[in-house]
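Shown below: my_file.cif, with mmCIF, C-alpha atoms.
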```cif
data_input
#
loop_
_atom_site.label_atom_id
_atom_site.label_comp_id
_atom_site.auth_asym_id
_atom_site.auth_seq_id
_atom_site.Cartn_x
_atom_site.Cartn_y
_atom_site.Cartn_z
CA PRO K 1 125.96 404.75 81.05
CA CYS K 2 123.48 405.59 83.84
CA ALA K 3 120.57 404.30 81.77
CA PHE K 4 122.35 400.96 81.33
CA LEU K 5 122.96 400.76 85.08
CA VAL K 6 119.30 401.42 85.83
CA ILE K 7 118.19 398.79 83.31
CA PHE K 8 120.72 396.30 84.74
CA LEU K 9 119.48 396.90 88.30
CA LEU K 10 115.85 396.51 87.23
CA LEU K 11 116.63 393.22 85.46
CA CYS K 12 118.49 391.92 88.51
CA SER K 13 115.60 392.89 90.76
CA PHE K 14 113.13 391.09 88.47
CA SER K 15 115.35 387.99 88.39
CA ILE K 16 115.64 387.84 92.22
CA ASP K 17 111.87 388.30 92.59
CA ALA K 18 111.19 385.53 90.05
CA GLN K 19 113.60 383.18 91.88
CA SER K 20 111.98 383.82 95.26
CA LYS K 21 108.62 382.70 93.86
CA ASN K 22 110.19 379.37 92.82
CA ILE K 23 111.42 378.42 96.31
CA LEU K 24 110.46 374.84 97.12
CA LYS K 25 107.63 374.63 99.61
CA VAL K 26 107.30 371.46 101.69
CA ALA K 27 104.95 370.94 104.65
CA PHE K 28 102.75 368.10 105.85
CA SER K 29 100.59 367.25 108.81
CA ALA K 30 98.65 364.04 109.43
CA SER K 31 96.89 362.20 112.23
CA LEU K 32 96.91 358.47 112.79
CA LEU K 33 93.19 357.86 112.21
CA SER K 34 90.75 359.45 109.80
CA ASP K 35 87.81 358.75 112.10
CA GLY K 36 86.69 356.49 114.89
CA GLU K 37 88.74 355.31 117.83
CA ALA K 38 91.48 352.68 118.07
CA THR K 39 94.39 351.45 120.11
CA ILE K 40 97.26 350.20 117.96
CA GLY K 41 99.65 347.54 119.23
CA PRO K 42 101.39 346.05 121.00
CA PHE K 43 103.69 344.58 118.35
CA ASN K 44 106.65 342.19 118.69
CA GLY K 45 108.98 344.59 116.87
CA HIS K 46 109.28 348.25 115.94
CA THR K 47 106.44 349.00 113.53
CA ALA K 48 106.17 351.87 111.05
CA LEU K 49 103.15 354.06 111.77
CA VAL K 50 101.01 355.21 108.86
CA PHE K 51 99.33 358.53 109.63
CA LYS K 52 96.36 358.29 107.26
CA ASN K 53 94.39 361.48 107.94
CA VAL K 54 96.43 363.98 105.92
CA VAL K 55 95.32 367.59 106.45
CA THR K 56 98.27 369.23 104.65
CA ASN K 57 100.75 367.79 102.16
CA ILE K 58 102.30 370.69 100.26
CA GLY K 59 104.98 369.34 97.96
CA SER K 60 103.62 365.77 98.29
CA ALA K 61 106.73 364.61 100.20
CA TYR K 62 104.67 362.61 102.73
CA ASP K 63 103.24 359.30 101.51
CA PRO K 64 99.97 358.50 103.36
CA ASN K 65 100.13 354.89 102.13
CA THR K 66 103.47 354.14 103.79
CA GLY K 67 103.84 356.84 106.46
CA VAL K 68 107.21 357.84 104.97
CA PHE K 69 108.41 361.38 104.26
CA THR K 70 111.01 361.69 101.48
CA ALA K 71 113.19 364.80 101.25
CA ALA K 72 112.97 366.46 97.85
CA VAL K 73 116.11 368.57 98.27
CA ARG K 74 119.09 368.94 100.59
CA GLY K 75 118.07 371.12 103.52
CA VAL K 76 117.08 371.40 107.14
CA TYR K 77 113.64 369.99 107.95
CA HIS K 78 111.70 370.17 111.21
CA PHE K 79 109.50 367.29 112.42
CA GLU K 80 107.07 366.89 115.33
CA TRP K 81 105.17 363.82 116.50
CA HIS K 82 102.59 363.43 119.25
CA ILE K 83 101.33 360.11 120.53
CA GLY K 84 98.35 359.33 122.71
CA VAL K 85 97.95 356.48 125.18
CA ASP K 86 95.11 355.19 127.32
CA SER K 87 96.12 353.31 130.51
CA SER K 88 99.31 351.82 129.07
CA ASN K 89 102.88 352.53 127.95
CA THR K 90 103.56 354.20 124.65
CA ALA K 91 106.68 355.09 122.71
CA ALA K 92 107.36 356.24 119.17
CA VAL K 93 110.74 356.94 117.62
CA LEU K 94 111.60 359.25 114.73
CA VAL K 95 113.62 357.30 112.16
CA LYS K 96 115.90 358.95 109.58
CA ASN K 97 116.64 356.34 106.91
CA THR K 98 117.42 353.48 109.35
CA ASN K 99 118.71 355.56 112.28
CA HIS K 100 116.69 356.20 115.44
CA ILE K 101 116.83 359.92 116.22
CA PHE K 102 114.58 360.81 119.22
CA THR K 103 111.89 358.91 121.11
CA ALA K 104 108.64 360.15 122.66
CA TYR K 105 107.65 357.97 125.65
CA GLU K 106 104.79 357.97 128.17
CA HIS K 107 103.93 355.59 131.01
CA GLN K 108 100.25 356.09 131.85
CA THR K 109 98.94 353.80 134.61
CA ALA K 110 95.34 355.06 134.39
CA GLY K 111 93.43 357.38 132.09
CA TYR K 112 94.62 359.22 129.02
CA GLY K 113 98.11 360.64 128.49
CA ALA K 114 100.30 361.84 125.66
CA SER K 115 103.92 362.40 124.75
CA SER K 116 105.50 364.70 122.18
CA GLN K 117 108.90 365.20 120.62
CA SER K 118 110.48 367.20 117.80
CA ALA K 119 113.72 367.39 115.83
CA SER K 120 115.37 369.50 113.17
CA LEU K 121 117.39 367.35 110.77
CA LEU K 122 119.79 367.96 107.91
CA LEU K 123 118.51 365.76 105.10
CA GLU K 124 119.92 364.96 101.69
CA ALA K 125 117.59 364.62 98.70
CA GLY K 126 116.06 361.13 98.91
CA ASP K 127 116.53 360.69 102.67
CA THR K 128 113.46 359.25 104.39
CA VAL K 129 111.89 360.05 107.75
CA CYS K 130 109.09 358.17 109.50
CA VAL K 131 107.81 357.32 112.97
CA HIS K 132 108.00 353.78 114.38
CA GLN K 133 105.97 352.47 117.28
CA TRP K 134 108.25 350.97 119.92
CA THR K 135 108.11 347.22 120.56
CA GLY K 136 105.47 346.16 123.12
CA THR K 137 103.72 349.54 123.38
CA LYS K 138 100.26 350.85 122.46
CA ILE K 139 99.21 354.07 120.73
CA HIS K 140 95.70 355.46 121.01
CA ASP K 141 93.90 357.85 118.69
CA ASN K 142 90.33 358.94 118.16
CA GLN K 143 88.22 361.58 116.41
CA ASN K 144 90.15 364.30 118.31
CA HIS K 145 93.37 363.33 116.49
CA HIS K 146 95.79 363.16 119.45
CA SER K 147 98.41 361.14 117.56
CA THR K 148 99.99 363.21 114.78
CA PHE K 149 103.10 363.53 112.62
CA SER K 150 104.09 366.82 110.96
CA GLY K 151 107.08 368.27 109.18
CA HIS K 152 108.27 371.09 106.98
CA LEU K 153 111.33 372.37 105.15
CA LEU K 154 113.00 375.20 107.07
CA PHE K 155 115.57 376.08 104.39
CA THR K 156 117.59 374.52 101.59
CA LEU K 157 121.39 374.12 101.58
#
```
For the file at hand, write its structure as C-alpha coordinates.
Amino acid sequence: PCAFLVIFLLLCSFSIDAQSKNILKVAFSASLLSDGEATIGPFNGHTALVFKNVVTNIGSAYDPNTGVFTAAVRGVYHFEWHIGVDSSNTAAVLVKNTNHIFTAYEHQTAGYGASSQSASLLLEAGDTVCVHQWTGTKIHDNQNHHSTFSGHLLFTL
(Lines of atoms letter the chains of each structure in order from A and count residues from 1; the text may use other names and numbers.)
(Lines give C-alpha, C1' and ligand atoms only; values in the text may rest on other atoms or scores of the structure.)
Protein backbone atom coordinates (compact mmCIF):
# COMPACT_ATOMS: atom_id res chain seq x y z
CA PRO A 1 0.00 0.00 0.00
CA CYS A 2 2.86 2.43 0.71
CA ALA A 3 4.30 1.90 -2.77
CA PHE A 4 0.94 2.82 -4.32
CA LEU A 5 0.80 5.97 -2.19
CA VAL A 6 4.29 7.00 -3.29
CA ILE A 7 3.45 6.39 -6.95
CA PHE A 8 0.17 8.33 -6.56
CA LEU A 9 1.98 11.30 -4.97
CA LEU A 10 4.63 11.30 -7.70
CA LEU A 11 1.96 11.27 -10.42
CA CYS A 12 0.10 14.14 -8.74
CA SER A 13 3.31 16.12 -8.44
CA PHE A 14 4.07 15.57 -12.14
CA SER A 15 0.53 16.60 -13.11
CA ILE A 16 0.70 19.85 -11.07
CA ASP A 17 4.11 20.68 -12.56
CA ALA A 18 2.83 20.03 -16.10
CA GLN A 19 -0.21 22.27 -15.47
CA SER A 20 1.91 25.13 -14.15
CA LYS A 21 3.90 25.17 -17.40
CA ASN A 22 0.64 25.62 -19.36
CA ILE A 23 -0.45 28.80 -17.55
CA LEU A 24 -1.51 31.45 -20.04
CA LYS A 25 1.04 34.22 -20.39
CA VAL A 26 -0.17 37.61 -21.63
CA ALA A 27 1.88 40.83 -21.69
CA PHE A 28 2.29 43.69 -24.14
CA SER A 29 3.99 47.05 -24.33
CA ALA A 30 3.92 49.53 -27.19
CA SER A 31 4.72 53.17 -27.91
CA LEU A 32 2.73 55.48 -30.13
CA LEU A 33 5.40 56.02 -32.81
CA SER A 34 7.99 53.67 -34.26
CA ASP A 35 10.33 56.54 -35.09
CA GLY A 36 10.37 60.25 -35.77
CA GLU A 37 8.41 62.91 -33.97
CA ALA A 38 4.73 63.88 -34.18
CA THR A 39 1.91 65.65 -32.42
CA ILE A 40 -1.42 63.88 -32.86
CA GLY A 41 -4.69 65.80 -32.74
CA PRO A 42 -6.72 67.69 -31.91
CA PHE A 43 -9.77 65.72 -33.06
CA ASN A 44 -13.48 66.61 -32.94
CA GLY A 45 -14.33 63.42 -31.04
CA HIS A 46 -12.69 60.76 -28.89
CA THR A 47 -10.24 58.91 -31.12
CA ALA A 48 -8.76 55.45 -30.61
CA LEU A 49 -4.97 55.57 -30.35
CA VAL A 50 -2.95 52.95 -32.21
CA PHE A 51 0.36 52.30 -30.45
CA LYS A 52 2.38 51.00 -33.40
CA ASN A 53 5.85 50.38 -31.93
CA VAL A 54 5.27 47.03 -30.21
CA VAL A 55 8.23 45.91 -28.10
CA THR A 56 6.46 43.00 -26.36
CA ASN A 57 3.30 41.11 -27.31
CA ILE A 58 3.37 37.77 -25.52
CA GLY A 59 0.12 35.96 -26.21
CA SER A 60 -0.67 38.27 -29.17
CA ALA A 61 -3.63 39.85 -27.32
CA TYR A 62 -2.70 43.39 -28.45
CA ASP A 63 -3.49 44.27 -32.07
CA PRO A 64 -0.99 46.88 -33.37
CA ASN A 65 -3.25 47.59 -36.36
CA THR A 66 -6.22 48.71 -34.25
CA GLY A 67 -4.70 49.56 -30.85
CA VAL A 68 -7.13 47.14 -29.18
CA PHE A 69 -6.27 44.56 -26.52
CA THR A 70 -8.61 41.54 -26.38
CA ALA A 71 -8.74 39.37 -23.25
CA ALA A 72 -8.08 35.72 -24.00
CA VAL A 73 -9.46 34.42 -20.70
CA ARG A 74 -11.43 35.61 -17.69
CA GLY A 75 -9.02 37.21 -15.24
CA VAL A 76 -7.59 40.33 -13.70
CA TYR A 77 -5.41 42.39 -16.04
CA HIS A 78 -3.29 45.45 -15.27
CA PHE A 79 -2.89 48.33 -17.73
CA GLU A 80 -0.73 51.47 -17.79
CA TRP A 81 -0.69 54.35 -20.25
CA HIS A 82 1.58 57.37 -20.45
CA ILE A 83 0.97 60.35 -22.70
CA GLY A 84 3.28 63.17 -23.67
CA VAL A 85 2.37 66.75 -24.52
CA ASP A 86 4.29 69.75 -25.78
CA SER A 87 2.83 73.19 -24.87
CA SER A 88 -0.81 72.07 -24.94
CA ASN A 89 -3.52 70.08 -23.16
CA THR A 90 -3.59 66.32 -23.38
CA ALA A 91 -5.93 63.63 -22.14
CA ALA A 92 -6.31 59.93 -22.83
CA VAL A 93 -8.93 57.60 -21.39
CA LEU A 94 -8.74 53.85 -20.86
CA VAL A 95 -11.80 52.24 -22.45
CA LYS A 96 -13.12 48.79 -21.47
CA ASN A 97 -15.50 47.68 -24.21
CA THR A 98 -17.39 51.01 -24.47
CA ASN A 99 -16.95 52.20 -20.88
CA HIS A 100 -14.53 54.95 -19.87
CA ILE A 101 -12.50 53.75 -16.89
CA PHE A 102 -9.78 56.28 -15.92
CA THR A 103 -8.34 59.35 -17.64
CA ALA A 104 -4.78 60.70 -17.72
CA TYR A 105 -4.78 64.50 -18.16
CA GLU A 106 -2.09 67.20 -18.37
CA HIS A 107 -2.31 70.94 -18.96
CA GLN A 108 1.11 72.14 -20.13
CA THR A 109 1.29 75.86 -20.94
CA ALA A 110 4.93 75.76 -22.09
CA GLY A 111 7.49 73.04 -22.73
CA TYR A 112 7.12 69.30 -22.44
CA GLY A 113 4.94 67.46 -19.92
CA ALA A 114 3.42 64.04 -19.42
CA SER A 115 0.62 62.28 -17.60
CA SER A 116 0.24 58.65 -16.55
CA GLN A 117 -2.49 56.42 -15.23
CA SER A 118 -3.07 52.73 -14.50
CA ALA A 119 -5.89 50.33 -13.69
CA SER A 120 -6.44 46.71 -12.77
CA LEU A 121 -9.59 45.35 -14.40
CA LEU A 122 -11.62 42.16 -14.20
CA LEU A 123 -12.12 41.11 -17.81
CA GLU A 124 -14.16 38.34 -19.37
CA ALA A 125 -12.80 36.44 -22.37
CA GLY A 126 -13.42 38.65 -25.42
CA ASP A 127 -13.56 41.96 -23.53
CA THR A 128 -11.60 44.72 -25.23
CA VAL A 129 -9.43 47.48 -23.78
CA CYS A 130 -7.92 50.44 -25.62
CA VAL A 131 -6.89 54.06 -25.08
CA HIS A 132 -8.80 56.96 -26.63
CA GLN A 133 -7.47 60.46 -27.09
CA TRP A 134 -9.84 62.99 -25.54
CA THR A 135 -11.69 65.41 -27.81
CA GLY A 136 -9.77 68.63 -28.59
CA THR A 137 -6.43 67.52 -27.10
CA LYS A 138 -2.97 66.77 -28.51
CA ILE A 139 -0.56 63.93 -27.78
CA HIS A 140 3.14 64.16 -28.55
CA ASP A 141 5.64 61.37 -29.09
CA ASN A 142 9.12 61.09 -30.50
CA GLN A 143 12.09 58.71 -30.74
CA ASN A 144 12.22 58.60 -26.90
CA HIS A 145 8.79 56.91 -26.80
CA HIS A 146 7.08 59.01 -24.11
CA SER A 147 3.57 57.90 -25.08
CA THR A 148 3.03 54.22 -24.28
CA PHE A 149 0.37 51.62 -23.55
CA SER A 150 1.14 48.39 -21.66
CA GLY A 151 -0.77 45.57 -20.02
CA HIS A 152 -0.50 42.09 -18.63
CA LEU A 153 -2.56 39.30 -17.11
CA LEU A 154 -2.14 39.20 -13.32
CA PHE A 155 -4.13 35.99 -12.76
CA THR A 156 -7.01 33.99 -14.19
CA LEU A 157 -10.37 33.44 -12.47
Selection under test: the PyMOL selection byres ((chain K and resi 81-93) around 8); residues as a short mmCIF file (atom, residue, chain, number, x, y, z; two decimals) with C-alpha atoms, keeping the file's coordinate frame:
```cif
data_model
loop_
_atom_site.label_atom_id
_atom_site.label_comp_id
_atom_site.auth_asym_id
_atom_site.auth_seq_id
_atom_site.Cartn_x
_atom_site.Cartn_y
_atom_site.Cartn_z
CA THR K 39 94.39 351.45 120.11
CA PHE K 79 109.50 367.29 112.42
CA GLU K 80 107.07 366.89 115.33
CA LEU K 94 111.60 359.25 114.73
CA VAL K 95 113.62 357.30 112.16
CA HIS K 100 116.69 356.20 115.44
CA ILE K 101 116.83 359.92 116.22
CA PHE K 102 114.58 360.81 119.22
CA THR K 103 111.89 358.91 121.11
CA ALA K 104 108.64 360.15 122.66
CA TYR K 105 107.65 357.97 125.65
CA GLU K 106 104.79 357.97 128.17
CA HIS K 107 103.93 355.59 131.01
CA GLN K 108 100.25 356.09 131.85
CA THR K 109 98.94 353.80 134.61
CA ALA K 110 95.34 355.06 134.39
CA GLY K 111 93.43 357.38 132.09
CA TYR K 112 94.62 359.22 129.02
CA GLY K 113 98.11 360.64 128.49
CA ALA K 114 100.30 361.84 125.66
CA SER K 115 103.92 362.40 124.75
CA SER K 116 105.50 364.70 122.18
CA GLN K 117 108.90 365.20 120.62
CA SER K 118 110.48 367.20 117.80
CA VAL K 131 107.81 357.32 112.97
CA HIS K 132 108.00 353.78 114.38
CA GLN K 133 105.97 352.47 117.28
CA TRP K 134 108.25 350.97 119.92
CA THR K 137 103.72 349.54 123.38
CA LYS K 138 100.26 350.85 122.46
CA ILE K 139 99.21 354.07 120.73
CA HIS K 140 95.70 355.46 121.01
CA ASP K 141 93.90 357.85 118.69
CA HIS K 146 95.79 363.16 119.45
CA SER K 147 98.41 361.14 117.56
CA THR K 148 99.99 363.21 114.78
CA PHE K 149 103.10 363.53 112.62
CA SER K 150 104.09 366.82 110.96
#
```
Exercise. What's the 10 Å shell around stretch 152-154 of chain K, counting all atoms listed in the file, without same-chain residues fewer than 2 positions away, as a ChimeraX atom specification?
Worked result: /K:24-29,57-59,61,71-80,120-123,150,156
Exercise. Got a sec to resolve the PyMOL selection byres ((chain K and resi 55) around 6) on this structure and send the residues as a PyMOL selection string?
Worked result: chain K and resi 29-30+54+56
Please produce a file of those selected residues containing C-alpha atoms, as a short mmCIF file (atom, residue, chain, number, x, y, z; two decimals), in the frame of the given file.
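New file part-v4.cif:
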```
data_model
loop_
_atom_site.label_atom_id
_atom_site.label_comp_id
_atom_site.auth_asym_id
_atom_site.auth_seq_id
_atom_site.Cartn_x
_atom_site.Cartn_y
_atom_site.Cartn_z
CA SER K 29 100.59 367.25 108.81
CA ALA K 30 98.65 364.04 109.43
CA VAL K 54 96.43 363.98 105.92
CA THR K 56 98.27 369.23 104.65
#
```
Problem set entry | Separation of atom CA of K:Ala125 from atom CA of K:Ser60, in Å and rounded to one decimal |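 If I compute the distance from atom CA of K:Ala125 to atom CA of K:Ser60, I get 14.0 Å.
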For this session: To verify the selection step, state as a list in words which residues the PyMOL selection byres ((chain K and resi 66) around 12) yields on this input.
Result: Leu32, Thr47, Ala48, Leu49, Val50, Phe51, Lys52, Ala61, Tyr62, Asp63, Pro64, Asn65, Gly67, Val68, Phe69, Thr70, Thr128, Val129, Cys130, Val131 and His132 of chain K
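The two atoms in question, atom CA of K:Gly136 and atom CA of K:Ser31, are spaced 21.2 Å apart.
Note that atom CA of K:His145 and atom CA of K:Asn44 are 25.1 Å apart.
Of the listed residues K:His46, K:Ala119, K:Lys96, K:Gln143, the one whose atoms come nearest to K:Ser34 is K:Gln143, with distances taken using all atoms listed in the file.
With distances restricted to all atoms listed in the file, K:Asn144 is the closest residue to K:Ala38 from K:Leu157, K:Asn144, K:Asp127, K:Gly151.
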Would you mind putting N, CA, C and O atoms back on stretch 98-117 of chain K and writing the result as a tab-separated table (two decimals), keeping the file's coordinate frame?
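Here's the written file selection38.tsv:
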```
chain	number	residue	atom	x	y	z
K	98	THR	N	117.55	354.61	108.42
K	98	THR	CA	117.42	353.48	109.35
K	98	THR	C	117.87	353.85	110.76
K	98	THR	O	117.94	352.98	111.63
K	99	ASN	N	118.16	355.12	111.00
K	99	ASN	CA	118.71	355.56	112.28
K	99	ASN	C	117.64	356.12	113.20
K	99	ASN	O	116.87	357.01	112.80
K	100	HIS	N	117.60	355.65	114.43
K	100	HIS	CA	116.69	356.20	115.44
K	100	HIS	C	117.25	357.54	115.89
K	100	HIS	O	118.42	357.64	116.27
K	101	ILE	N	116.39	358.57	115.87
K	101	ILE	CA	116.83	359.92	116.22
K	101	ILE	C	116.40	360.27	117.65
K	101	ILE	O	117.24	360.34	118.53
K	102	PHE	N	115.12	360.49	117.89
K	102	PHE	CA	114.58	360.81	119.22
K	102	PHE	C	113.33	359.97	119.46
K	102	PHE	O	112.62	359.63	118.52
K	103	THR	N	113.06	359.71	120.73
K	103	THR	CA	111.89	358.91	121.11
K	103	THR	C	110.96	359.73	122.00
K	103	THR	O	111.42	360.41	122.91
K	104	ALA	N	109.67	359.62	121.76
K	104	ALA	CA	108.64	360.15	122.66
K	104	ALA	C	108.11	358.97	123.46
K	104	ALA	O	107.76	357.93	122.88
K	105	TYR	N	108.06	359.09	124.79
K	105	TYR	CA	107.65	357.97	125.65
K	105	TYR	C	106.70	358.48	126.74
K	105	TYR	O	106.87	359.58	127.27
K	106	GLU	N	105.72	357.65	127.09
K	106	GLU	CA	104.79	357.97	128.17
K	106	GLU	C	104.38	356.68	128.88
K	106	GLU	O	104.02	355.69	128.23
K	107	HIS	N	104.43	356.70	130.19
K	107	HIS	CA	103.93	355.59	131.01
K	107	HIS	C	102.68	356.12	131.72
K	107	HIS	O	102.77	356.98	132.59
K	108	GLN	N	101.52	355.61	131.33
K	108	GLN	CA	100.25	356.09	131.85
K	108	GLN	C	99.54	354.93	132.55
K	108	GLN	O	99.03	354.03	131.88
K	109	THR	N	99.53	354.93	133.88
K	109	THR	CA	98.94	353.80	134.61
K	109	THR	C	97.42	353.80	134.55
K	109	THR	O	96.79	352.74	134.61
K	110	ALA	N	96.80	354.98	134.47
K	110	ALA	CA	95.34	355.06	134.39
K	110	ALA	C	94.97	356.32	133.60
K	110	ALA	O	95.63	357.35	133.71
K	111	GLY	N	93.91	356.22	132.83
K	111	GLY	CA	93.43	357.38	132.09
K	111	GLY	C	94.26	357.67	130.85
K	111	GLY	O	95.09	356.88	130.43
K	112	TYR	N	94.00	358.84	130.29
K	112	TYR	CA	94.62	359.22	129.02
K	112	TYR	C	95.87	360.06	129.26
K	112	TYR	O	95.91	360.90	130.14
K	113	GLY	N	96.88	359.85	128.45
K	113	GLY	CA	98.11	360.64	128.49
K	113	GLY	C	98.65	360.81	127.08
K	113	GLY	O	98.14	360.23	126.13
K	114	ALA	N	99.69	361.61	126.96
K	114	ALA	CA	100.30	361.84	125.66
K	114	ALA	C	101.77	362.20	125.83
K	114	ALA	O	102.19	362.64	126.90
K	115	SER	N	102.52	362.02	124.78
K	115	SER	CA	103.92	362.40	124.75
K	115	SER	C	104.22	363.04	123.41
K	115	SER	O	103.62	362.67	122.39
K	116	SER	N	105.15	363.99	123.41
K	116	SER	CA	105.50	364.70	122.18
K	116	SER	C	107.01	364.84	122.08
K	116	SER	O	107.72	364.82	123.09
K	117	GLN	N	107.48	365.02	120.86
K	117	GLN	CA	108.90	365.20	120.62
K	117	GLN	C	109.05	365.93	119.28
K	117	GLN	O	108.12	365.94	118.46
```
